[in-house]
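Some notes on the structure that comes next.
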Amino acid sequence: MDRHVISAEQFDRKRIEMLCEHASTIRVNVQRQKTHYMGDLTGKFIIPLFYEPSTRTRMSFQIAAHLCGMTIPAGTENAREFSSAVKGETLEDTIGVLGGYHPDVIVLRHHEEGAAMRAVQALKDHGLDTAIINAGDGKGEHPTQALLDVYTISEEFEHQIDGLHVVFGGDLKYGRTVHSLTRVLAKFDRVSMSFVAPEELQIGEDIRQLLDQREISYTMETNPQKVLGEADVVYWTRVQKERMDPKLYDEIEREGTYHIGVAEVQKMKTSARILHPLPRVKEIDTKIDQDPRAAYFRQAQNGLYVRMALLRELLSISA
Ligand code: NCD
């Protein structure tokens with residue numbers, strides 16, 4: 001098994017299913033008794049190193065580490081301002097230094113695609129054995145989000161992912177969660193996908209090639225109304241304002257096409273589920289939050305259990 005978590009591609013179906021099972025056991029135990037896993041990873045520690053804003057990913061990793069008995073002796077939620085990056089230090093040097101303090105895991109979020117891979121290389125160059133977990137690298141990937149997404153789908157659909165139709169909507173070009181989730185879902189059988197986005201924000205050639213290779217059927221649309229009624233899973237995303245030309249962002253916002261509200265939900269199957277990695281801005285109306293199909297808060301909560309399962313797996317403790 002890989003020591004590091006860089007891409008969702010690293011997870012085969014068997015490993016995903018084992019992690020999901022492990023996360024379910026953890027969920028039951030944590031809900032019953034918060035201290036159940038305390039002590040299991042005692043003596044191990046984690047450094048969260050975040051160069052981009054984060055609420056869920058950072059906090060759920062920190063809480064997951066804590067509930068597994070790990071410590072979080074140091075870290076930063078704003079390395080872009082409060083680390084030596086400001087002085088011009090490279091990511092490679094920062095990782096080389098932090099790795100030397102013997103953390104078991106560095107959870108890294110960075111604004112540049114490929115940053116997590118660069119961090120792995122820096123550790124190798126320094127002969128260090130810390131594990132890197134990619135918590136989002138620019139518009140690249142967000143593999144642990146994909147794990148909690150697939151766990152949520154599995155839980156919401158009674159462990160039956162094969163054959164589902166998943167509609168991805170919003171910003172499919174810069175939204176890294178979609179890049180990772182498509183890679184994970186492509187490991188299941190007869191899954192089909194629709195990509196709904198303005199042309200400028202459509203899913204990239206790399207993902208389309210991968211789906212072609214795996215013989216996964218997919219369509220691309222600009223109009224959400226065409227596909228919402230067919231979806232089992234509607235995976236909606238935020239337009240990634242920070243990664244694009246402000247003019248394009250304003251234009252897309254003004255049109256308001258990529259918005260899920262009461263009318264859109266009425267078109268969906270009663271068995272459908274709406275997922276969103278969060279944070280949402282205006283693309284999902286709060287009026288639908290109480291609809292049983294809205295699964296995004298359950299999804300965010302699942303992040304805790306899945307990250308506990310992942311930390312335990314990486315540091316070699318089974319369920
Ligand atoms: C996502 C991210 O950072 O890519 N957030 C998250 O981790 N749940 C999605 C986003 O920021 O739009």
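Within each chain, counting starts at residue 1; across the structure tokens, chains are named A, B, ... in the order shown, with ligands numbered 1 upward in that order.
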Ligand 1 neighbours within 8 Å using only C-alpha atoms and all ligand atoms, as an mmCIF file with all heavy atoms, in the first residue's frame:
```
data_model
loop_
_atom_site.group_PDB
_atom_site.id
_atom_site.type_symbol
_atom_site.label_atom_id
_atom_site.label_comp_id
_atom_site.auth_asym_id
_atom_site.auth_seq_id
_atom_site.Cartn_x
_atom_site.Cartn_y
_atom_site.Cartn_z
ATOM 1 N N PRO A 53 -7.463 28.466 2.204
ATOM 2 C CA PRO A 53 -8.506 28.373 3.232
ATOM 3 C C PRO A 53 -9.170 26.998 3.276
ATOM 4 O O PRO A 53 -9.287 26.332 2.243
ATOM 5 C CB PRO A 53 -9.532 29.425 2.796
ATOM 6 C CG PRO A 53 -8.808 30.328 1.873
ATOM 7 C CD PRO A 53 -7.731 29.515 1.229
ATOM 8 N N SER A 54 -9.593 26.611 4.460
ATOM 9 C CA SER A 54 -10.283 25.338 4.637
ATOM 10 C C SER A 54 -11.032 25.369 5.958
ATOM 11 O O SER A 54 -10.519 25.904 6.945
ATOM 12 C CB SER A 54 -9.259 24.198 4.679
ATOM 13 O OG SER A 54 -9.880 22.994 5.054
ATOM 14 N N THR A 55 -12.227 24.818 5.967
ATOM 15 C CA THR A 55 -12.940 24.638 7.232
ATOM 16 C C THR A 55 -13.068 23.142 7.502
ATOM 17 O O THR A 55 -12.461 22.600 8.425
ATOM 18 C CB THR A 55 -14.341 25.289 7.167
ATOM 19 O OG1 THR A 55 -14.170 26.659 6.814
ATOM 20 C CG2 THR A 55 -15.064 25.197 8.504
ATOM 21 N N ARG A 56 -13.839 22.461 6.647
ATOM 22 C CA ARG A 56 -14.124 21.040 6.840
ATOM 23 C C ARG A 56 -12.891 20.155 6.808
ATOM 24 O O ARG A 56 -12.691 19.310 7.675
ATOM 25 C CB ARG A 56 -15.055 20.514 5.726
ATOM 26 C CG ARG A 56 -16.491 20.748 5.940
ATOM 27 C CD ARG A 56 -17.145 20.966 4.589
ATOM 28 N NE ARG A 56 -16.694 22.243 4.091
ATOM 29 C CZ ARG A 56 -17.270 23.395 4.416
ATOM 30 N NH1 ARG A 56 -18.336 23.412 5.156
ATOM 31 N NH2 ARG A 56 -16.778 24.533 3.975
ATOM 32 N N THR A 57 -12.097 20.313 5.757
ATOM 33 C CA THR A 57 -10.992 19.370 5.570
ATOM 34 C C THR A 57 -10.011 19.474 6.735
ATOM 35 O O THR A 57 -9.622 18.480 7.338
ATOM 36 C CB THR A 57 -10.289 19.651 4.230
ATOM 37 O OG1 THR A 57 -11.266 19.624 3.199
ATOM 38 C CG2 THR A 57 -9.210 18.620 3.944
ATOM 39 N N ALA A 135 -4.539 17.308 0.636
ATOM 40 C CA ALA A 135 -5.849 17.843 1.054
ATOM 41 C C ALA A 135 -6.322 18.896 0.050
ATOM 42 O O ALA A 135 -7.091 19.797 0.402
ATOM 43 C CB ALA A 135 -5.739 18.421 2.451
ATOM 44 N N GLY A 136 -5.878 18.757 -1.191
ATOM 45 C CA GLY A 136 -6.249 19.696 -2.262
ATOM 46 C C GLY A 136 -5.015 20.387 -2.792
ATOM 47 O O GLY A 136 -4.301 21.040 -2.039
ATOM 48 N N LYS A 139 -6.119 23.270 -8.734
ATOM 49 C CA LYS A 139 -7.273 22.680 -9.421
ATOM 50 C C LYS A 139 -7.056 21.195 -9.697
ATOM 51 O O LYS A 139 -7.804 20.561 -10.434
ATOM 52 C CB LYS A 139 -7.552 23.431 -10.730
ATOM 53 C CG LYS A 139 -6.468 23.301 -11.772
ATOM 54 C CD LYS A 139 -6.919 23.956 -13.064
ATOM 55 C CE LYS A 139 -5.816 24.021 -14.102
ATOM 56 N NZ LYS A 139 -5.198 22.727 -14.438
ATOM 57 N N GLU A 141 -6.377 17.806 -7.529
ATOM 58 C CA GLU A 141 -7.192 16.735 -6.926
ATOM 59 C C GLU A 141 -7.462 16.992 -5.450
ATOM 60 O O GLU A 141 -6.806 17.839 -4.815
ATOM 61 C CB GLU A 141 -6.460 15.397 -7.065
ATOM 62 C CG GLU A 141 -6.643 14.771 -8.431
ATOM 63 C CD GLU A 141 -6.589 13.261 -8.336
ATOM 64 O OE1 GLU A 141 -7.324 12.669 -7.513
ATOM 65 O OE2 GLU A 141 -5.807 12.677 -9.090
ATOM 66 N N HIS A 142 -8.388 16.220 -4.929
ATOM 67 C CA HIS A 142 -8.736 16.276 -3.503
ATOM 68 C C HIS A 142 -9.178 14.858 -3.123
ATOM 69 O O HIS A 142 -10.363 14.578 -2.922
ATOM 70 C CB HIS A 142 -9.871 17.283 -3.323
ATOM 71 C CG HIS A 142 -10.132 17.704 -1.908
ATOM 72 N ND1 HIS A 142 -9.586 17.061 -0.818
ATOM 73 C CD2 HIS A 142 -10.891 18.719 -1.418
ATOM 74 C CE1 HIS A 142 -10.009 17.659 0.281
ATOM 75 N NE2 HIS A 142 -10.790 18.665 -0.049
ATOM 76 N N GLN A 145 -11.511 13.940 -0.133
ATOM 77 C CA GLN A 145 -12.903 14.368 -0.351
ATOM 78 C C GLN A 145 -13.628 13.299 -1.174
ATOM 79 O O GLN A 145 -14.769 12.932 -0.884
ATOM 80 C CB GLN A 145 -12.933 15.726 -1.071
ATOM 81 C CG GLN A 145 -14.324 16.225 -1.396
ATOM 82 C CD GLN A 145 -15.114 16.693 -0.175
ATOM 83 O OE1 GLN A 145 -14.560 17.344 0.700
ATOM 84 N NE2 GLN A 145 -16.401 16.371 -0.120
ATOM 85 N N GLY A 175 -12.797 22.823 -10.261
ATOM 86 C CA GLY A 175 -13.230 22.143 -9.026
ATOM 87 C C GLY A 175 -12.519 20.798 -8.891
ATOM 88 O O GLY A 175 -12.827 19.839 -9.579
ATOM 89 N N ARG A 176 -11.591 20.737 -7.958
ATOM 90 C CA ARG A 176 -10.742 19.537 -7.837
ATOM 91 C C ARG A 176 -11.490 18.329 -7.277
ATOM 92 O O ARG A 176 -11.106 17.192 -7.513
ATOM 93 C CB ARG A 176 -9.544 19.861 -6.952
ATOM 94 C CG ARG A 176 -9.919 20.423 -5.584
ATOM 95 C CD ARG A 176 -8.734 21.083 -4.929
ATOM 96 N NE ARG A 176 -9.115 21.795 -3.725
ATOM 97 C CZ ARG A 176 -8.365 22.721 -3.159
ATOM 98 N NH1 ARG A 176 -7.224 23.062 -3.695
ATOM 99 N NH2 ARG A 176 -8.760 23.316 -2.055
ATOM 100 N N THR A 177 -12.591 18.578 -6.549
ATOM 101 C CA THR A 177 -13.286 17.430 -5.940
ATOM 102 C C THR A 177 -13.875 16.529 -7.036
ATOM 103 O O THR A 177 -13.873 15.319 -6.902
ATOM 104 C CB THR A 177 -14.403 17.877 -4.975
ATOM 105 O OG1 THR A 177 -15.451 18.502 -5.706
ATOM 106 C CG2 THR A 177 -13.887 18.851 -3.934
ATOM 107 N N THR A 237 -21.342 21.778 -7.464
ATOM 108 C CA THR A 237 -20.116 22.413 -6.958
ATOM 109 C C THR A 237 -20.162 23.932 -7.086
ATOM 110 O O THR A 237 -20.910 24.483 -7.885
ATOM 111 C CB THR A 237 -18.870 21.910 -7.732
ATOM 112 O OG1 THR A 237 -19.016 22.247 -9.113
ATOM 113 C CG2 THR A 237 -18.681 20.407 -7.588
ATOM 114 N N ARG A 238 -19.331 24.544 -6.320
ATOM 115 C CA ARG A 238 -19.167 26.006 -6.299
ATOM 116 C C ARG A 238 -18.312 26.436 -7.488
ATOM 117 O O ARG A 238 -17.347 25.757 -7.848
ATOM 118 C CB ARG A 238 -18.444 26.337 -4.992
ATOM 119 C CG ARG A 238 -17.990 27.736 -4.775
ATOM 120 C CD ARG A 238 -17.327 27.848 -3.395
ATOM 121 N NE ARG A 238 -15.990 27.253 -3.375
ATOM 122 C CZ ARG A 238 -14.870 27.902 -3.685
ATOM 123 N NH1 ARG A 238 -14.899 29.170 -4.040
ATOM 124 N NH2 ARG A 238 -13.699 27.280 -3.620
ATOM 125 N N VAL A 239 -18.659 27.579 -8.092
ATOM 126 C CA VAL A 239 -17.771 28.131 -9.125
ATOM 127 C C VAL A 239 -16.545 28.687 -8.398
ATOM 128 O O VAL A 239 -16.663 29.471 -7.453
ATOM 129 C CB VAL A 239 -18.498 29.212 -9.960
ATOM 130 C CG1 VAL A 239 -17.553 29.832 -10.979
ATOM 131 C CG2 VAL A 239 -19.709 28.598 -10.660
ATOM 132 N N GLN A 240 -15.374 28.224 -8.803
ATOM 133 C CA GLN A 240 -14.135 28.500 -8.063
ATOM 134 C C GLN A 240 -13.599 29.894 -8.409
ATOM 135 O O GLN A 240 -12.642 30.050 -9.176
ATOM 136 C CB GLN A 240 -13.091 27.429 -8.387
ATOM 137 C CG GLN A 240 -13.597 26.010 -8.171
ATOM 138 C CD GLN A 240 -13.443 25.527 -6.748
ATOM 139 O OE1 GLN A 240 -12.346 25.459 -6.225
ATOM 140 N NE2 GLN A 240 -14.566 25.195 -6.111
ATOM 141 N N PRO A 277 -19.543 19.339 -2.062
ATOM 142 C CA PRO A 277 -18.415 19.244 -1.113
ATOM 143 C C PRO A 277 -18.447 20.341 -0.064
ATOM 144 O O PRO A 277 -17.787 20.227 0.978
ATOM 145 C CB PRO A 277 -17.180 19.378 -2.018
ATOM 146 C CG PRO A 277 -17.663 20.072 -3.257
ATOM 147 C CD PRO A 277 -19.098 19.646 -3.428
ATOM 148 N N LEU A 278 -19.185 21.404 -0.327
ATOM 149 C CA LEU A 278 -19.243 22.602 0.517
ATOM 150 C C LEU A 278 -17.851 23.257 0.575
ATOM 151 O O LEU A 278 -16.865 22.555 0.442
ATOM 152 C CB LEU A 278 -19.782 22.302 1.919
ATOM 153 C CG LEU A 278 -21.170 21.641 1.988
ATOM 154 C CD1 LEU A 278 -21.550 21.389 3.461
ATOM 155 C CD2 LEU A 278 -22.239 22.513 1.326
ATOM 156 N N PRO A 279 -17.688 24.523 0.759
ATOM 157 C CA PRO A 279 -18.749 25.480 1.051
ATOM 158 C C PRO A 279 -19.601 25.796 -0.190
ATOM 159 O O PRO A 279 -19.108 25.804 -1.307
ATOM 160 C CB PRO A 279 -17.955 26.736 1.455
ATOM 161 C CG PRO A 279 -16.660 26.631 0.694
ATOM 162 C CD PRO A 279 -16.366 25.167 0.627
ATOM 163 N N ARG A 280 -20.904 26.066 0.082
ATOM 164 C CA ARG A 280 -21.749 26.548 -1.013
ATOM 165 C C ARG A 280 -21.786 28.069 -0.933
ATOM 166 O O ARG A 280 -21.586 28.639 0.158
ATOM 167 C CB ARG A 280 -23.169 25.999 -0.881
ATOM 168 C CG ARG A 280 -23.889 26.572 0.312
ATOM 169 C CD ARG A 280 -25.335 26.201 0.360
ATOM 170 N NE ARG A 280 -25.766 26.148 1.762
ATOM 171 C CZ ARG A 280 -26.882 25.578 2.161
ATOM 172 N NH1 ARG A 280 -27.693 25.016 1.305
ATOM 173 N NH2 ARG A 280 -27.201 25.564 3.435
ATOM 174 N N ALA A 300 -20.657 16.011 4.791
ATOM 175 C CA ALA A 300 -19.578 16.704 5.509
ATOM 176 C C ALA A 300 -19.245 15.974 6.814
ATOM 177 O O ALA A 300 -18.082 15.821 7.178
ATOM 178 C CB ALA A 300 -19.971 18.147 5.789
#
```
Nearby residues (only C-alpha atoms) at most 12 Å from Thr90 of chain A, same-chain spacing under 4 positions excluded, as an mmCIF file with all heavy atoms, in the first residue's frame:
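Written out: selection05.cif:
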```
data_model
loop_
_atom_site.group_PDB
_atom_site.id
_atom_site.type_symbol
_atom_site.label_atom_id
_atom_site.label_comp_id
_atom_site.auth_asym_id
_atom_site.auth_seq_id
_atom_site.Cartn_x
_atom_site.Cartn_y
_atom_site.Cartn_z
ATOM 1 N N ALA A 79 -0.538 29.058 5.781
ATOM 2 C CA ALA A 79 0.908 29.027 5.531
ATOM 3 C C ALA A 79 1.338 30.072 4.501
ATOM 4 O O ALA A 79 2.496 30.455 4.455
ATOM 5 C CB ALA A 79 1.315 27.638 5.057
ATOM 6 N N ARG A 80 0.374 30.539 3.702
ATOM 7 C CA ARG A 80 0.749 31.512 2.680
ATOM 8 C C ARG A 80 1.143 32.841 3.318
ATOM 9 O O ARG A 80 1.909 33.595 2.769
ATOM 10 C CB ARG A 80 -0.432 31.730 1.738
ATOM 11 C CG ARG A 80 -0.075 31.405 0.307
ATOM 12 C CD ARG A 80 -1.324 31.188 -0.468
ATOM 13 N NE ARG A 80 -1.181 31.720 -1.804
ATOM 14 C CZ ARG A 80 -2.099 31.598 -2.739
ATOM 15 N NH1 ARG A 80 -3.234 30.974 -2.457
ATOM 16 N NH2 ARG A 80 -1.908 32.089 -3.936
ATOM 17 N N SER A 83 3.955 31.569 7.222
ATOM 18 C CA SER A 83 5.089 30.638 7.208
ATOM 19 C C SER A 83 6.192 31.340 6.434
ATOM 20 O O SER A 83 5.995 32.440 5.892
ATOM 21 C CB SER A 83 4.714 29.317 6.521
ATOM 22 O OG SER A 83 4.742 29.464 5.125
ATOM 23 N N SER A 84 7.327 30.680 6.335
ATOM 24 C CA SER A 84 8.447 31.323 5.639
ATOM 25 C C SER A 84 8.225 31.408 4.130
ATOM 26 O O SER A 84 9.084 31.914 3.407
ATOM 27 C CB SER A 84 9.748 30.587 5.945
ATOM 28 O OG SER A 84 10.095 30.831 7.288
ATOM 29 N N ALA A 85 7.059 30.931 3.658
ATOM 30 C CA ALA A 85 6.698 31.140 2.238
ATOM 31 C C ALA A 85 6.728 32.637 1.941
ATOM 32 O O ALA A 85 7.115 33.067 0.854
ATOM 33 C CB ALA A 85 5.320 30.558 1.963
ATOM 34 N N VAL A 86 6.330 33.434 2.935
ATOM 35 C CA VAL A 86 6.311 34.892 2.765
ATOM 36 C C VAL A 86 7.718 35.421 2.489
ATOM 37 O O VAL A 86 7.911 36.371 1.740
ATOM 38 C CB VAL A 86 5.747 35.578 4.043
ATOM 39 C CG1 VAL A 86 5.710 37.083 3.906
ATOM 40 C CG2 VAL A 86 4.376 35.036 4.370
ATOM 41 N N THR A 94 10.423 23.869 2.927
ATOM 42 C CA THR A 94 9.541 23.811 4.112
ATOM 43 C C THR A 94 9.274 22.353 4.483
ATOM 44 O O THR A 94 9.364 21.973 5.658
ATOM 45 C CB THR A 94 8.208 24.551 3.841
ATOM 46 O OG1 THR A 94 8.514 25.883 3.423
ATOM 47 C CG2 THR A 94 7.327 24.600 5.067
ATOM 48 N N ILE A 95 8.969 21.547 3.490
ATOM 49 C CA ILE A 95 8.677 20.127 3.752
ATOM 50 C C ILE A 95 9.924 19.414 4.271
ATOM 51 O O ILE A 95 9.857 18.608 5.209
ATOM 52 C CB ILE A 95 8.143 19.434 2.465
ATOM 53 C CG1 ILE A 95 6.784 20.015 2.066
ATOM 54 C CG2 ILE A 95 8.083 17.912 2.624
ATOM 55 C CD1 ILE A 95 5.628 19.646 2.966
ATOM 56 N N GLY A 96 11.062 19.737 3.692
ATOM 57 C CA GLY A 96 12.322 19.134 4.149
ATOM 58 C C GLY A 96 12.576 19.426 5.622
ATOM 59 O O GLY A 96 13.040 18.567 6.370
ATOM 60 N N VAL A 97 12.245 20.642 6.040
ATOM 61 C CA VAL A 97 12.456 21.025 7.442
ATOM 62 C C VAL A 97 11.419 20.345 8.342
ATOM 63 O O VAL A 97 11.755 19.685 9.331
ATOM 64 C CB VAL A 97 12.383 22.565 7.610
ATOM 65 C CG1 VAL A 97 12.363 22.954 9.076
ATOM 66 C CG2 VAL A 97 13.564 23.214 6.889
ATOM 67 N N ALA A 115 1.475 20.090 -6.103
ATOM 68 C CA ALA A 115 2.233 20.405 -4.887
ATOM 69 C C ALA A 115 2.449 19.174 -4.002
ATOM 70 O O ALA A 115 3.530 18.984 -3.437
ATOM 71 C CB ALA A 115 1.516 21.502 -4.094
ATOM 72 N N ARG A 118 5.202 17.101 -5.269
ATOM 73 C CA ARG A 118 6.486 17.770 -5.006
ATOM 74 C C ARG A 118 6.906 17.561 -3.545
ATOM 75 O O ARG A 118 8.088 17.373 -3.250
ATOM 76 C CB ARG A 118 6.375 19.275 -5.296
ATOM 77 C CG ARG A 118 6.418 19.600 -6.788
ATOM 78 C CD ARG A 118 5.998 21.032 -7.057
ATOM 79 N NE ARG A 118 6.687 21.990 -6.225
ATOM 80 C CZ ARG A 118 6.214 23.202 -5.908
ATOM 81 N NH1 ARG A 118 5.042 23.602 -6.363
ATOM 82 N NH2 ARG A 118 6.918 24.013 -5.154
ATOM 83 N N ALA A 119 5.934 17.577 -2.663
ATOM 84 C CA ALA A 119 6.240 17.367 -1.243
ATOM 85 C C ALA A 119 6.782 15.949 -1.018
ATOM 86 O O ALA A 119 7.726 15.751 -0.256
ATOM 87 C CB ALA A 119 4.989 17.605 -0.402
ATOM 88 N N ALA A 122 10.302 15.892 -2.121
ATOM 89 C CA ALA A 122 11.186 16.588 -1.167
ATOM 90 C C ALA A 122 11.506 15.676 0.016
ATOM 91 O O ALA A 122 12.661 15.613 0.470
ATOM 92 C CB ALA A 122 10.524 17.879 -0.684
#
```
Spatial neighbours of segment 1-15 of chain A, 6 Å, only C-alpha atoms, chain gap at least 5 places, as a short mmCIF file (atom, residue, chain, number, x, y, z; two decimals) with N, CA and C atoms, in the first residue's frame:
```
data_model
loop_
_atom_site.label_atom_id
_atom_site.label_comp_id
_atom_site.auth_asym_id
_atom_site.auth_seq_id
_atom_site.Cartn_x
_atom_site.Cartn_y
_atom_site.Cartn_z
N ALA A 131 4.38 10.56 5.98
CA ALA A 131 3.39 10.38 4.90
C ALA A 131 2.77 11.73 4.55
N ILE A 132 2.58 11.97 3.26
CA ILE A 132 1.89 13.18 2.81
C ILE A 132 0.47 12.80 2.44
N ILE A 133 -0.50 13.58 2.94
CA ILE A 133 -1.88 13.44 2.47
C ILE A 133 -2.24 14.71 1.72
N ASN A 134 -2.63 14.55 0.48
CA ASN A 134 -3.04 15.68 -0.35
C ASN A 134 -4.45 16.12 0.05
N PRO A 143 -8.20 13.94 -3.06
CA PRO A 143 -8.56 12.52 -2.93
C PRO A 143 -9.35 12.15 -1.68
N SER A 180 -11.29 14.21 -8.57
CA SER A 180 -10.99 13.01 -7.78
C SER A 180 -12.17 12.04 -7.74
N ARG A 183 -12.57 9.85 -10.78
CA ARG A 183 -11.56 8.78 -10.80
C ARG A 183 -11.98 7.61 -9.91
N LYS A 187 -14.06 3.28 -10.97
CA LYS A 187 -13.64 1.93 -10.54
C LYS A 187 -14.86 1.02 -10.33
#
```
All alpha helix (DSSP H) positions in segment 5-117 of chain A, as number ranges by chain: A: 13-32, 56-67, 79-82, 91-99, 115-117
Straight-line distance linking atom CA of Gly229 of chain A with atom CA of Arg273 of chain A, stated in Å to one decimal: 11.6 Å
Gap from atom CA of Glu200 of chain A to atom CA of Thr222 of chain A - Å, one decimal: 10.2 Å
For Gln301 of chain A: contacts at 10 Å, only C-alpha atoms, fewer than 4 positions along chain excluded, given as an MDAnalysis selection string: chainID A and resid 27 56 60 148 152 296:297 305:306
Can I get the selected residues back with N, CA, C and O atoms, as a CSV table (one decimal), in the first residue's frame?
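Output saved as selection_35.csv:
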```csv
chain,number,residue,atom,x,y,z
A,27,ARG,N,-18.1,5.1,12.7
A,27,ARG,CA,-19.2,6.0,12.9
A,27,ARG,C,-20.1,5.5,14.1
A,27,ARG,O,-20.4,6.3,15.0
A,56,ARG,N,-13.8,22.5,6.6
A,56,ARG,CA,-14.1,21.0,6.8
A,56,ARG,C,-12.9,20.2,6.8
A,56,ARG,O,-12.7,19.3,7.7
A,60,SER,N,-11.8,18.5,10.2
A,60,SER,CA,-12.2,17.1,10.3
A,60,SER,C,-10.9,16.3,10.4
A,60,SER,O,-10.9,15.3,11.2
A,148,LEU,N,-14.7,10.5,1.0
A,148,LEU,CA,-15.9,10.7,1.8
A,148,LEU,C,-17.2,10.9,0.9
A,148,LEU,O,-18.3,10.5,1.3
A,152,THR,N,-20.3,8.4,1.3
A,152,THR,CA,-21.7,9.0,1.4
A,152,THR,C,-22.6,8.4,0.4
A,152,THR,O,-23.8,8.0,0.7
A,296,TYR,N,-25.8,16.9,1.7
A,296,TYR,CA,-24.5,17.5,1.9
A,296,TYR,C,-24.1,17.7,3.4
A,296,TYR,O,-22.9,17.7,3.6
A,297,PHE,N,-25.0,17.9,4.3
A,297,PHE,CA,-24.5,18.0,5.7
A,297,PHE,C,-24.1,16.6,6.2
A,297,PHE,O,-23.1,16.5,7.0
A,305,TYR,N,-15.4,10.4,9.8
A,305,TYR,CA,-15.3,9.0,10.0
A,305,TYR,C,-14.3,8.4,8.9
A,305,TYR,O,-13.5,7.5,9.2
A,306,VAL,N,-14.4,9.0,7.7
A,306,VAL,CA,-13.6,8.5,6.6
A,306,VAL,C,-12.1,8.9,6.9
A,306,VAL,O,-11.2,8.1,6.7
```
Point-to-point distance from atom CA of Gly163 of chain A to atom CA of Ile284 of chain A, Å rounded to tenths: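 So the two atoms, atom CA of Gly163 of chain A and atom CA of Ile284 of chain A, lie 25.9 Å apart.
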Residue contacts of Thr270 of chain A (12 Å, only C-alpha atoms) excluding same-chain residues fewer than 4 positions away, as a list in words: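 What passes the distance filter is Leu228, Gly229, Glu230, Ala231, Asp232, Val233, Val265, Gln266, Ile274, Asp291, Pro292, Arg293 and Ala294 of chain A.
Nearest to Glu255 of chain A of all the residues A:Asn223, A:Gln33, A:Ile47, A:Asp189 is A:Asn223, based on only C-alpha atoms.
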Selected residue, from A:His66, A:Lys241, A:Lys173, A:Lys269, that lies nearest to Val227 of chain A when counting only C-alpha atoms: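 Answer, going by the shortest atom-to-atom distance: A:Lys269.
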Segment 165-168 of chain A surroundings by only C-alpha atoms, 6 Å radius, close-in-sequence under 2 positions cut, as a ChimeraX atom specification: /A:191-195,231-236
